[in-house]
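K.L.:
So I've got this file, my_file.pdb, and it contains PDB, C-alpha atoms, pLDDT in the B column:
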MODEL        1
ATOM      1  CA  MET A   1     -18.382 144.671 -40.699  1.00 64.00           C
ATOM      2  CA  ALA A   2     -18.150 141.743 -38.338  1.00 88.00           C
ATOM      3  CA  ILE A   3     -20.559 141.795 -35.442  1.00 95.00           C
ATOM      4  CA  GLU A   4     -18.587 141.645 -32.219  1.00 96.00           C
ATOM      5  CA  LYS A   5     -19.526 142.264 -28.627  1.00 98.00           C
ATOM      6  CA  VAL A   6     -17.904 145.059 -26.630  1.00 98.00           C
ATOM      7  CA  ASN A   7     -16.658 144.609 -23.086  1.00 98.00           C
ATOM      8  CA  ILE A   8     -17.012 147.920 -21.276  1.00 98.00           C
ATOM      9  CA  ALA A   9     -14.316 147.272 -18.647  1.00 98.00           C
ATOM     10  CA  GLU A  10     -11.844 146.169 -21.305  1.00 98.00           C
ATOM     11  CA  LYS A  11     -12.430 149.336 -23.308  1.00 98.00           C
ATOM     12  CA  LEU A  12     -12.119 151.492 -20.196  1.00 98.00           C
ATOM     13  CA  SER A  13      -8.777 149.846 -19.419  1.00 98.00           C
ATOM     14  CA  GLN A  14      -7.467 151.396 -22.639  1.00 98.00           C
ATOM     15  CA  ILE A  15      -8.312 154.907 -21.479  1.00 98.00           C
ATOM     16  CA  ASN A  16      -5.582 156.659 -19.527  1.00 97.00           C
ATOM     17  CA  ASP A  17      -6.888 160.200 -19.507  1.00 97.00           C
ATOM     18  CA  THR A  18     -10.019 162.041 -18.435  1.00 97.00           C
ATOM     19  CA  TRP A  19     -12.750 164.033 -20.158  1.00 96.00           C
ATOM     20  CA  ASN A  20     -11.740 162.546 -23.504  1.00 96.00           C
ATOM     21  CA  PRO A  21     -14.530 160.305 -24.786  1.00 96.00           C
ATOM     22  CA  ARG A  22     -13.750 157.321 -27.005  1.00 97.00           C
ATOM     23  CA  ILE A  23     -16.265 155.945 -29.480  1.00 97.00           C
ATOM     24  CA  VAL A  24     -17.051 152.293 -28.769  1.00 98.00           C
ATOM     25  CA  GLY A  25     -20.214 151.765 -30.790  1.00 98.00           C
ATOM     26  CA  GLU A  26     -22.454 153.313 -33.412  1.00 97.00           C
ATOM     27  CA  LEU A  27     -26.109 152.697 -34.204  1.00 97.00           C
ATOM     28  CA  ASN A  28     -28.839 154.688 -35.876  1.00 97.00           C
ATOM     29  CA  GLY A  29     -26.599 157.726 -36.188  1.00 96.00           C
ATOM     30  CA  GLN A  30     -25.882 157.667 -32.466  1.00 97.00           C
ATOM     31  CA  HIS A  31     -22.551 157.029 -30.793  1.00 97.00           C
ATOM     32  CA  VAL A  32     -21.859 154.976 -27.712  1.00 98.00           C
ATOM     33  CA  LYS A  33     -18.870 156.510 -25.956  1.00 97.00           C
ATOM     34  CA  LEU A  34     -16.817 155.785 -22.870  1.00 98.00           C
ATOM     35  CA  THR A  35     -14.906 158.306 -20.857  1.00 98.00           C
ATOM     36  CA  LYS A  36     -13.131 158.660 -17.572  1.00 98.00           C
ATOM     37  CA  ALA A  37     -13.901 161.791 -15.593  1.00 98.00           C
ATOM     38  CA  ASP A  38     -12.198 163.437 -12.651  1.00 98.00           C
ATOM     39  CA  GLY A  39     -13.105 166.683 -10.971  1.00 97.00           C
ATOM     40  CA  GLU A  40     -15.093 169.590 -12.339  1.00 97.00           C
ATOM     41  CA  TYR A  41     -16.004 169.793 -15.989  1.00 96.00           C
ATOM     42  CA  VAL A  42     -17.257 172.913 -17.749  1.00 95.00           C
ATOM     43  CA  TRP A  43     -20.769 174.335 -17.774  1.00 97.00           C
ATOM     44  CA  HIS A  44     -22.186 173.824 -21.265  1.00 96.00           C
ATOM     45  CA  LYS A  45     -25.233 172.818 -23.256  1.00 96.00           C
ATOM     46  CA  HIS A  46     -25.936 171.098 -26.546  1.00 96.00           C
ATOM     47  CA  ASP A  47     -28.359 173.046 -28.711  1.00 95.00           C
ATOM     48  CA  ASN A  48     -29.387 170.083 -30.845  1.00 95.00           C
ATOM     49  CA  GLU A  49     -28.552 166.909 -28.978  1.00 96.00           C
ATOM     50  CA  ASP A  50     -29.973 165.101 -25.985  1.00 97.00           C
ATOM     51  CA  GLU A  51     -27.267 163.323 -24.019  1.00 97.00           C
ATOM     52  CA  MET A  52     -27.357 160.260 -21.802  1.00 98.00           C
ATOM     53  CA  PHE A  53     -24.842 159.547 -19.039  1.00 98.00           C
ATOM     54  CA  LEU A  54     -24.777 155.991 -17.656  1.00 98.00           C
ATOM     55  CA  ILE A  55     -22.460 155.753 -14.684  1.00 98.00           C
ATOM     56  CA  ILE A  56     -20.243 152.675 -14.584  1.00 98.00           C
ATOM     57  CA  LYS A  57     -18.094 153.536 -11.581  1.00 98.00           C
ATOM     58  CA  GLY A  58     -17.270 156.355  -9.201  1.00 98.00           C
ATOM     59  CA  ASN A  59     -18.867 159.314  -7.484  1.00 97.00           C
ATOM     60  CA  PHE A  60     -20.600 161.386 -10.126  1.00 98.00           C
ATOM     61  CA  LYS A  61     -22.846 164.394  -9.827  1.00 98.00           C
ATOM     62  CA  MET A  62     -24.669 166.230 -12.571  1.00 98.00           C
ATOM     63  CA  GLU A  63     -25.000 169.893 -11.759  1.00 98.00           C
ATOM     64  CA  LEU A  64     -27.961 171.662 -13.325  1.00 98.00           C
ATOM     65  CA  ARG A  65     -28.734 175.320 -12.857  1.00 97.00           C
ATOM     66  CA  ASP A  66     -31.595 174.533 -10.448  1.00 96.00           C
ATOM     67  CA  LYS A  67     -30.377 171.383  -8.733  1.00 97.00           C
ATOM     68  CA  THR A  68     -27.631 168.799  -8.477  1.00 98.00           C
ATOM     69  CA  VAL A  69     -28.344 165.119  -9.147  1.00 98.00           C
ATOM     70  CA  GLU A  70     -26.054 162.446  -7.751  1.00 98.00           C
ATOM     71  CA  VAL A  71     -25.927 159.630 -10.297  1.00 98.00           C
ATOM     72  CA  LYS A  72     -24.542 156.383  -8.938  1.00 98.00           C
ATOM     73  CA  PRO A  73     -23.156 153.332 -10.737  1.00 98.00           C
ATOM     74  CA  GLY A  74     -26.065 151.507 -12.365  1.00 98.00           C
ATOM     75  CA  GLU A  75     -27.970 154.737 -12.838  1.00 98.00           C
ATOM     76  CA  PHE A  76     -28.326 157.074 -15.800  1.00 98.00           C
ATOM     77  CA  ILE A  77     -29.503 160.580 -16.484  1.00 98.00           C
ATOM     78  CA  ILE A  78     -30.665 162.131 -19.743  1.00 98.00           C
ATOM     79  CA  ILE A  79     -29.931 165.820 -20.317  1.00 98.00           C
ATOM     80  CA  PRO A  80     -32.267 167.255 -22.947  1.00 97.00           C
ATOM     81  CA  LYS A  81     -30.939 169.586 -25.623  1.00 97.00           C
ATOM     82  CA  GLY A  82     -30.604 173.167 -24.521  1.00 97.00           C
ATOM     83  CA  VAL A  83     -30.193 172.395 -20.816  1.00 98.00           C
ATOM     84  CA  GLU A  84     -27.030 173.696 -19.205  1.00 97.00           C
ATOM     85  CA  HIS A  85     -25.196 171.080 -17.202  1.00 98.00           C
ATOM     86  CA  ARG A  86     -21.859 170.386 -15.592  1.00 98.00           C
ATOM     87  CA  PRO A  87     -20.565 166.937 -14.606  1.00 98.00           C
ATOM     88  CA  VAL A  88     -18.541 166.890 -11.405  1.00 98.00           C
ATOM     89  CA  THR A  89     -16.855 163.891  -9.823  1.00 98.00           C
ATOM     90  CA  ASP A  90     -15.159 163.140  -6.542  1.00 98.00           C
ATOM     91  CA  GLY A  91     -12.173 161.151  -7.789  1.00 98.00           C
ATOM     92  CA  GLU A  92     -12.140 159.147 -10.989  1.00 98.00           C
ATOM     93  CA  ALA A  93     -15.467 158.116 -12.454  1.00 98.00           C
ATOM     94  CA  GLN A  94     -16.268 155.999 -15.502  1.00 98.00           C
ATOM     95  CA  VAL A  95     -19.142 156.982 -17.736  1.00 98.00           C
ATOM     96  CA  LEU A  96     -20.913 155.562 -20.781  1.00 98.00           C
ATOM     97  CA  LEU A  97     -22.372 158.224 -23.034  1.00 97.00           C
ATOM     98  CA  PHE A  98     -25.074 157.844 -25.617  1.00 97.00           C
ATOM     99  CA  GLU A  99     -25.588 160.746 -27.983  1.00 96.00           C
ATOM    100  CA  PRO A 100     -25.821 161.610 -31.682  1.00 95.00           C
ATOM    101  CA  ALA A 101     -22.693 161.094 -33.762  1.00 93.00           C
ATOM    102  CA  GLY A 102     -20.898 164.398 -34.037  1.00 87.00           C
ATOM    103  CA  THR A 103     -21.904 165.728 -30.630  1.00 92.00           C
ATOM    104  CA  LEU A 104     -19.142 168.031 -29.407  1.00 90.00           C
ATOM    105  CA  ASN A 105     -18.132 167.133 -25.860  1.00 92.00           C
ATOM    106  CA  THR A 106     -18.225 170.718 -24.602  1.00 93.00           C
ATOM    107  CA  GLY A 107     -21.338 171.701 -26.573  1.00 93.00           C
ATOM    108  CA  ASN A 108     -21.564 175.456 -26.987  1.00 92.00           C
ATOM    109  CA  VAL A 109     -18.257 176.090 -25.211  1.00 91.00           C
ATOM    110  CA  ILE A 110     -14.796 175.836 -26.747  1.00 91.00           C
ATOM    111  CA  ASN A 111     -12.035 175.561 -24.191  1.00 90.00           C
ATOM    112  CA  GLU A 112      -9.261 173.285 -22.971  1.00 89.00           C
ATOM    113  CA  PHE A 113     -11.767 170.442 -22.480  1.00 91.00           C
ATOM    114  CA  THR A 114     -12.926 170.508 -26.102  1.00 92.00           C
ATOM    115  CA  ARG A 115     -12.120 167.351 -28.086  1.00 90.00           C
ATOM    116  CA  PRO A 116     -13.138 167.954 -31.705  1.00 87.00           C
ATOM    117  CA  TYR A 117     -11.806 164.609 -32.936  1.00 89.00           C
ATOM    118  CA  LEU A 118     -12.718 161.490 -31.030  1.00 92.00           C
ATOM    119  CA  GLN A 119     -10.844 158.235 -31.289  1.00 92.00           C
ATOM    120  CA  THR A 120     -12.654 154.955 -31.878  1.00 95.00           C
ATOM    121  CA  ILE A 121     -11.360 152.106 -29.726  1.00 96.00           C
TER     122      ILE A 121
ATOM    123  CA  MET B   1     -40.345 167.719 -17.820  1.00 64.00           C
ATOM    124  CA  ALA B   2     -38.254 167.382 -14.696  1.00 88.00           C
ATOM    125  CA  ILE B   3     -34.820 165.894 -15.180  1.00 95.00           C
ATOM    126  CA  GLU B   4     -34.494 162.845 -12.960  1.00 96.00           C
ATOM    127  CA  LYS B   5     -31.997 160.027 -12.864  1.00 98.00           C
ATOM    128  CA  VAL B   6     -33.053 156.432 -13.518  1.00 98.00           C
ATOM    129  CA  ASN B   7     -31.908 153.522 -11.368  1.00 98.00           C
ATOM    130  CA  ILE B   8     -31.721 150.442 -13.580  1.00 98.00           C
ATOM    131  CA  ALA B   9     -32.128 147.886 -10.778  1.00 98.00           C
ATOM    132  CA  GLU B  10     -35.126 149.726  -9.375  1.00 98.00           C
ATOM    133  CA  LYS B  11     -36.824 149.752 -12.767  1.00 98.00           C
ATOM    134  CA  LEU B  12     -36.045 146.064 -13.301  1.00 98.00           C
ATOM    135  CA  SER B  13     -37.634 145.266  -9.946  1.00 98.00           C
ATOM    136  CA  GLN B  14     -40.918 146.498 -11.416  1.00 98.00           C
ATOM    137  CA  ILE B  15     -40.782 143.960 -14.234  1.00 98.00           C
ATOM    138  CA  ASN B  16     -42.361 140.608 -13.485  1.00 97.00           C
ATOM    139  CA  ASP B  17     -42.515 139.084 -16.940  1.00 97.00           C
ATOM    140  CA  THR B  18     -40.121 138.283 -19.776  1.00 97.00           C
ATOM    141  CA  TRP B  19     -39.633 139.436 -23.373  1.00 96.00           C
ATOM    142  CA  ASN B  20     -41.766 142.494 -22.675  1.00 96.00           C
ATOM    143  CA  PRO B  21     -39.600 145.624 -22.881  1.00 96.00           C
ATOM    144  CA  ARG B  22     -40.469 148.689 -20.822  1.00 97.00           C
ATOM    145  CA  ILE B  23     -39.454 152.193 -21.906  1.00 97.00           C
ATOM    146  CA  VAL B  24     -37.263 153.879 -19.286  1.00 98.00           C
ATOM    147  CA  GLY B  25     -35.799 156.765 -21.251  1.00 98.00           C
ATOM    148  CA  GLU B  26     -36.024 158.682 -24.497  1.00 97.00           C
ATOM    149  CA  LEU B  27     -33.475 160.822 -26.308  1.00 97.00           C
ATOM    150  CA  ASN B  28     -32.954 161.932 -29.882  1.00 97.00           C
ATOM    151  CA  GLY B  29     -35.820 159.776 -31.086  1.00 96.00           C
ATOM    152  CA  GLN B  30     -34.294 156.709 -29.471  1.00 97.00           C
ATOM    153  CA  HIS B  31     -35.707 154.679 -26.620  1.00 97.00           C
ATOM    154  CA  VAL B  32     -33.873 153.185 -23.690  1.00 98.00           C
ATOM    155  CA  LYS B  33     -35.693 150.015 -22.686  1.00 97.00           C
ATOM    156  CA  LEU B  34     -35.313 147.355 -20.039  1.00 98.00           C
ATOM    157  CA  THR B  35     -36.496 143.786 -20.320  1.00 98.00           C
ATOM    158  CA  LYS B  36     -36.155 140.485 -18.592  1.00 98.00           C
ATOM    159  CA  ALA B  37     -35.495 137.510 -20.836  1.00 98.00           C
ATOM    160  CA  ASP B  38     -35.706 133.778 -20.262  1.00 98.00           C
ATOM    161  CA  GLY B  39     -35.143 131.006 -22.760  1.00 97.00           C
ATOM    162  CA  GLU B  40     -35.326 131.127 -26.529  1.00 97.00           C
ATOM    163  CA  TYR B  41     -36.716 134.157 -28.316  1.00 96.00           C
ATOM    164  CA  VAL B  42     -37.754 134.205 -31.965  1.00 95.00           C
ATOM    165  CA  TRP B  43     -35.531 134.627 -35.014  1.00 97.00           C
ATOM    166  CA  HIS B  44     -36.215 138.048 -36.477  1.00 96.00           C
ATOM    167  CA  LYS B  45     -34.639 141.142 -38.004  1.00 96.00           C
ATOM    168  CA  HIS B  46     -35.365 144.856 -38.076  1.00 96.00           C
ATOM    169  CA  ASP B  47     -35.350 146.265 -41.589  1.00 95.00           C
ATOM    170  CA  ASN B  48     -34.767 149.862 -40.521  1.00 95.00           C
ATOM    171  CA  GLU B  49     -33.334 149.856 -37.013  1.00 96.00           C
ATOM    172  CA  ASP B  50     -30.002 148.983 -35.481  1.00 97.00           C
ATOM    173  CA  GLU B  51     -30.411 147.559 -32.014  1.00 97.00           C
ATOM    174  CA  MET B  52     -28.097 147.537 -28.996  1.00 98.00           C
ATOM    175  CA  PHE B  53     -28.267 144.960 -26.209  1.00 98.00           C
ATOM    176  CA  LEU B  54     -26.398 145.793 -22.995  1.00 98.00           C
ATOM    177  CA  ILE B  55     -26.452 142.870 -20.609  1.00 98.00           C
ATOM    178  CA  ILE B  56     -27.081 143.732 -16.970  1.00 98.00           C
ATOM    179  CA  LYS B  57     -27.355 140.240 -15.501  1.00 98.00           C
ATOM    180  CA  GLY B  58     -27.603 136.606 -16.512  1.00 98.00           C
ATOM    181  CA  ASN B  59     -26.394 134.182 -19.153  1.00 97.00           C
ATOM    182  CA  PHE B  60     -27.206 135.682 -22.524  1.00 98.00           C
ATOM    183  CA  LYS B  61     -26.288 134.540 -26.013  1.00 98.00           C
ATOM    184  CA  MET B  62     -27.026 136.272 -29.286  1.00 98.00           C
ATOM    185  CA  GLU B  63     -27.511 133.756 -32.052  1.00 98.00           C
ATOM    186  CA  LEU B  64     -26.693 134.986 -35.534  1.00 98.00           C
ATOM    187  CA  ARG B  65     -27.024 132.877 -38.673  1.00 97.00           C
ATOM    188  CA  ASP B  66     -23.257 132.378 -38.886  1.00 96.00           C
ATOM    189  CA  LYS B  67     -22.207 132.364 -35.245  1.00 97.00           C
ATOM    190  CA  THR B  68     -23.322 132.674 -31.646  1.00 98.00           C
ATOM    191  CA  VAL B  69     -21.941 135.425 -29.398  1.00 98.00           C
ATOM    192  CA  GLU B  70     -22.058 135.050 -25.628  1.00 98.00           C
ATOM    193  CA  VAL B  71     -22.633 138.508 -24.167  1.00 98.00           C
ATOM    194  CA  LYS B  72     -21.891 138.775 -20.473  1.00 98.00           C
ATOM    195  CA  PRO B  73     -22.946 141.352 -17.900  1.00 98.00           C
ATOM    196  CA  GLY B  74     -21.025 144.556 -18.600  1.00 98.00           C
ATOM    197  CA  GLU B  75     -20.872 143.789 -22.307  1.00 98.00           C
ATOM    198  CA  PHE B  76     -22.999 144.926 -25.214  1.00 98.00           C
ATOM    199  CA  ILE B  77     -23.626 143.938 -28.802  1.00 98.00           C
ATOM    200  CA  ILE B  78     -25.050 145.994 -31.652  1.00 98.00           C
ATOM    201  CA  ILE B  79     -27.138 144.200 -34.261  1.00 98.00           C
ATOM    202  CA  PRO B  80     -27.278 146.221 -37.489  1.00 97.00           C
ATOM    203  CA  LYS B  81     -30.527 146.609 -39.374  1.00 97.00           C
ATOM    204  CA  GLY B  82     -31.350 143.697 -41.631  1.00 97.00           C
ATOM    205  CA  VAL B  83     -29.360 141.118 -39.659  1.00 98.00           C
ATOM    206  CA  GLU B  84     -31.320 138.118 -38.421  1.00 97.00           C
ATOM    207  CA  HIS B  85     -30.773 137.381 -34.767  1.00 97.00           C
ATOM    208  CA  ARG B  86     -32.208 135.428 -31.884  1.00 98.00           C
ATOM    209  CA  PRO B  87     -31.515 136.115 -28.200  1.00 98.00           C
ATOM    210  CA  VAL B  88     -31.284 133.009 -26.050  1.00 98.00           C
ATOM    211  CA  THR B  89     -30.727 132.866 -22.314  1.00 98.00           C
ATOM    212  CA  ASP B  90     -29.966 130.165 -19.780  1.00 98.00           C
ATOM    213  CA  GLY B  91     -32.287 131.245 -16.976  1.00 98.00           C
ATOM    214  CA  GLU B  92     -33.418 134.801 -16.398  1.00 98.00           C
ATOM    215  CA  ALA B  93     -31.349 137.589 -17.892  1.00 98.00           C
ATOM    216  CA  GLN B  94     -31.732 141.350 -17.632  1.00 98.00           C
ATOM    217  CA  VAL B  95     -31.089 143.477 -20.670  1.00 98.00           C
ATOM    218  CA  LEU B  96     -30.954 147.190 -21.480  1.00 98.00           C
ATOM    219  CA  LEU B  97     -31.902 148.005 -25.060  1.00 97.00           C
ATOM    220  CA  PHE B  98     -31.160 151.110 -27.137  1.00 97.00           C
ATOM    221  CA  GLU B  99     -33.095 151.464 -30.342  1.00 96.00           C
ATOM    222  CA  PRO B 100     -35.212 153.939 -32.266  1.00 95.00           C
ATOM    223  CA  ALA B 101     -38.579 154.797 -30.762  1.00 93.00           C
ATOM    224  CA  GLY B 102     -41.203 152.642 -32.426  1.00 87.00           C
ATOM    225  CA  THR B 103     -38.981 149.616 -32.959  1.00 92.00           C
ATOM    226  CA  LEU B 104     -41.172 146.511 -32.838  1.00 90.00           C
ATOM    227  CA  ASN B 105     -39.697 143.930 -30.491  1.00 93.00           C
ATOM    228  CA  THR B 106     -40.080 141.031 -32.925  1.00 93.00           C
ATOM    229  CA  GLY B 107     -39.106 143.044 -36.008  1.00 93.00           C
ATOM    230  CA  ASN B 108     -40.400 141.405 -39.174  1.00 92.00           C
ATOM    231  CA  VAL B 109     -42.153 138.595 -37.293  1.00 91.00           C
ATOM    232  CA  ILE B 110     -45.562 138.793 -35.651  1.00 91.00           C
ATOM    233  CA  ASN B 111     -46.192 136.048 -33.123  1.00 91.00           C
ATOM    234  CA  GLU B 112     -46.899 135.446 -29.452  1.00 89.00           C
ATOM    235  CA  PHE B 113     -43.784 137.426 -28.482  1.00 91.00           C
ATOM    236  CA  THR B 114     -44.913 140.575 -30.289  1.00 92.00           C
ATOM    237  CA  ARG B 115     -45.593 143.574 -28.020  1.00 90.00           C
ATOM    238  CA  PRO B 116     -46.985 146.374 -30.176  1.00 87.00           C
ATOM    239  CA  TYR B 117     -47.602 148.702 -27.233  1.00 89.00           C
ATOM    240  CA  LEU B 118     -44.824 149.216 -24.715  1.00 92.00           C
ATOM    241  CA  GLN B 119     -45.355 150.558 -21.242  1.00 92.00           C
ATOM    242  CA  THR B 120     -43.216 153.388 -19.885  1.00 95.00           C
ATOM    243  CA  ILE B 121     -42.098 152.861 -16.304  1.00 96.00           C
TER     244      ILE B 121
ENDMDL
END
Represent the supplied structure as structure tokens.

P.N.:
Amino acid sequence: MAIEKVNIAEKLSQINDTWNPRIVGELNGQHVKLTKADGEYVWHKHDNEDEMFLIIKGNFKMELRDKTVEVKPGEFIIIPKGVEHRPVTDGEAQVLLFEPAGTLNTGNVINEFTRPYLQTI
Amino acid sequence: MAIEKVNIAEKLSQINDTWNPRIVGELNGQHVKLTKADGEYVWHKHDNEDEMFLIIKGNFKMELRDKTVEVKPGEFIIIPKGVEHRPVTDGEAQVLLFEPAGTLNTGNVINEFTRPYLQTI
């Protein structure tokens, strides 16, 4: 496979929905994903996967059961496996995710946010 | 361990040298690292690890044996295991790395750039 760089803004410009991660890179069994987010997500956890959220743009908060962490552009947060969390945004936010290939976006919850098949862009 | 966000610029402000990655996060056996870079690195490869370079700031080029890829701030490149590469910058650049924990910075080469023990900041 040819080695090509990825421009994050260009990939984000191809995304016209929210809470629907696209795969933009793969390494060591991990996926790099990009998603747009808007509003309140669903409380969930991942039993076997740690998850990293790197904020590219927007007003993003990570709700945990014991506190809420505001994560600004240029900041990231790692949610360890087993920890319940809920992303919440004020308006549209743009997020880079780093997590094992196969991680289900809603973890232990299956609902209208669940995206079992992710597109690679 | 308490879940805290990481501010990339704040971590970079603690780094006063080049080609000396600091660990700023860990998930799924992978490390998130930050480094400053300046000038020509060493040609090397990693036999067992894919490596991702996300450029935060500066003029960064990834030299491969068959081409050179300019990677700008907001862009990333993934170098698969086994592929020889050499980062080169024009002035100081700031780079976020994703790679498996234990990845040696100079891969199959041991020289003055080699940092066998990385600090966590």

K.L.:
Within 12 Å of Pro80 in chain B, counting all atoms listed in the file, which residues qualify if same-chain residues fewer than 5 places away don't, as a ChimeraX atom specification?

P.N.:
/A:1-4,25-29 /B:45-53,64,85,99

K.L.:
Write down, as a list in words, each residue of chain A that has any atom within 6 Å of an atom of chain B, counting all atoms listed in the file.

P.N.:
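Using all atoms listed in the file, chain A residues at most 6 Å from chain B: Lys5, Val6, Asn7, Ile8, Leu27, Asn28, Asp50, Gly74, Glu75, Phe76 and Ile77 of chain A.
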
K.L.:
To one decimal place, how far is CA of Thr120 in chain B from CA of Glu63 in chain B in Å?

P.N.:
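Interatomic distance, CA of Thr120 in chain B to CA of Glu63 in chain B: 27.9 Å.
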
K.L.:
One decimal, Å: what's the distance from CA of Arg65 in chain B over to CA of Ala37 in chain B, could you say?

P.N.:
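It comes out at 20.3 Å.
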
K.L.:
What residues come out when you apply the PyMOL selection byres ((chain B and resi 88) around 12) to this file, written as an MDAnalysis selection string?

P.N.:
chainID B and resid 19 36:43 58:64 68:71 85:87 89:95

K.L.:
Please dump the current selection as a compact mmCIF listing (two decimals), keeping the file's coordinate frame; keep C-alpha atoms.

P.N.:
# COMPACT_ATOMS: atom_id res chain seq x y z
CA TRP B 19 -39.63 139.44 -23.37
CA LYS B 36 -36.16 140.49 -18.59
CA ALA B 37 -35.49 137.51 -20.84
CA ASP B 38 -35.71 133.78 -20.26
CA GLY B 39 -35.14 131.01 -22.76
CA GLU B 40 -35.33 131.13 -26.53
CA TYR B 41 -36.72 134.16 -28.32
CA VAL B 42 -37.75 134.21 -31.96
CA TRP B 43 -35.53 134.63 -35.01
CA GLY B 58 -27.60 136.61 -16.51
CA ASN B 59 -26.39 134.18 -19.15
CA PHE B 60 -27.21 135.68 -22.52
CA LYS B 61 -26.29 134.54 -26.01
CA MET B 62 -27.03 136.27 -29.29
CA GLU B 63 -27.51 133.76 -32.05
CA LEU B 64 -26.69 134.99 -35.53
CA THR B 68 -23.32 132.67 -31.65
CA VAL B 69 -21.94 135.43 -29.40
CA GLU B 70 -22.06 135.05 -25.63
CA VAL B 71 -22.63 138.51 -24.17
CA HIS B 85 -30.77 137.38 -34.77
CA ARG B 86 -32.21 135.43 -31.88
CA PRO B 87 -31.52 136.12 -28.20
CA THR B 89 -30.73 132.87 -22.31
CA ASP B 90 -29.97 130.16 -19.78
CA GLY B 91 -32.29 131.24 -16.98
CA GLU B 92 -33.42 134.80 -16.40
CA ALA B 93 -31.35 137.59 -17.89
CA GLN B 94 -31.73 141.35 -17.63
CA VAL B 95 -31.09 143.48 -20.67

K.L.:
Report, in Å to a single decimal, how far apart CA of Gly82 in chain B and CA of Val109 in chain B are.

P.N.:
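For CA of Val109 in chain B relative to CA of Gly82 in chain B, the distance reads 12.7 Å.
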
K.L.:
To verify the selection step, state as a PyMOL selection string which residues the PyMOL selection byres ((chain B and resi 119) around 9) yields on this input.

P.N.:
chain B and resi 20-24+117-118+120-121

K.L.:
Let me make sure I understand: among A:Asp66, A:Asp17, A:Leu34, A:Glu84, which one has the smallest atom-to-atom distance to Phe113 in chain A if we use all atoms listed in the file?

P.N.:
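Under the stated criterion, the closest residue is A:Asp17.
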
K.L.:
Go through B:Ala101, B:Leu96, B:Thr18, B:Lys33 and flag the residue nearest Thr114 in chain B, using all atoms listed in the file for the distances.

P.N.:
B:Thr18

K.L.:
Of the residues A:Lys57, A:Asn108, A:Leu12, A:Thr103, which is the one nearest to Thr35 in chain A, using only C-alpha atoms?

P.N.:
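Closest candidate: A:Leu12.
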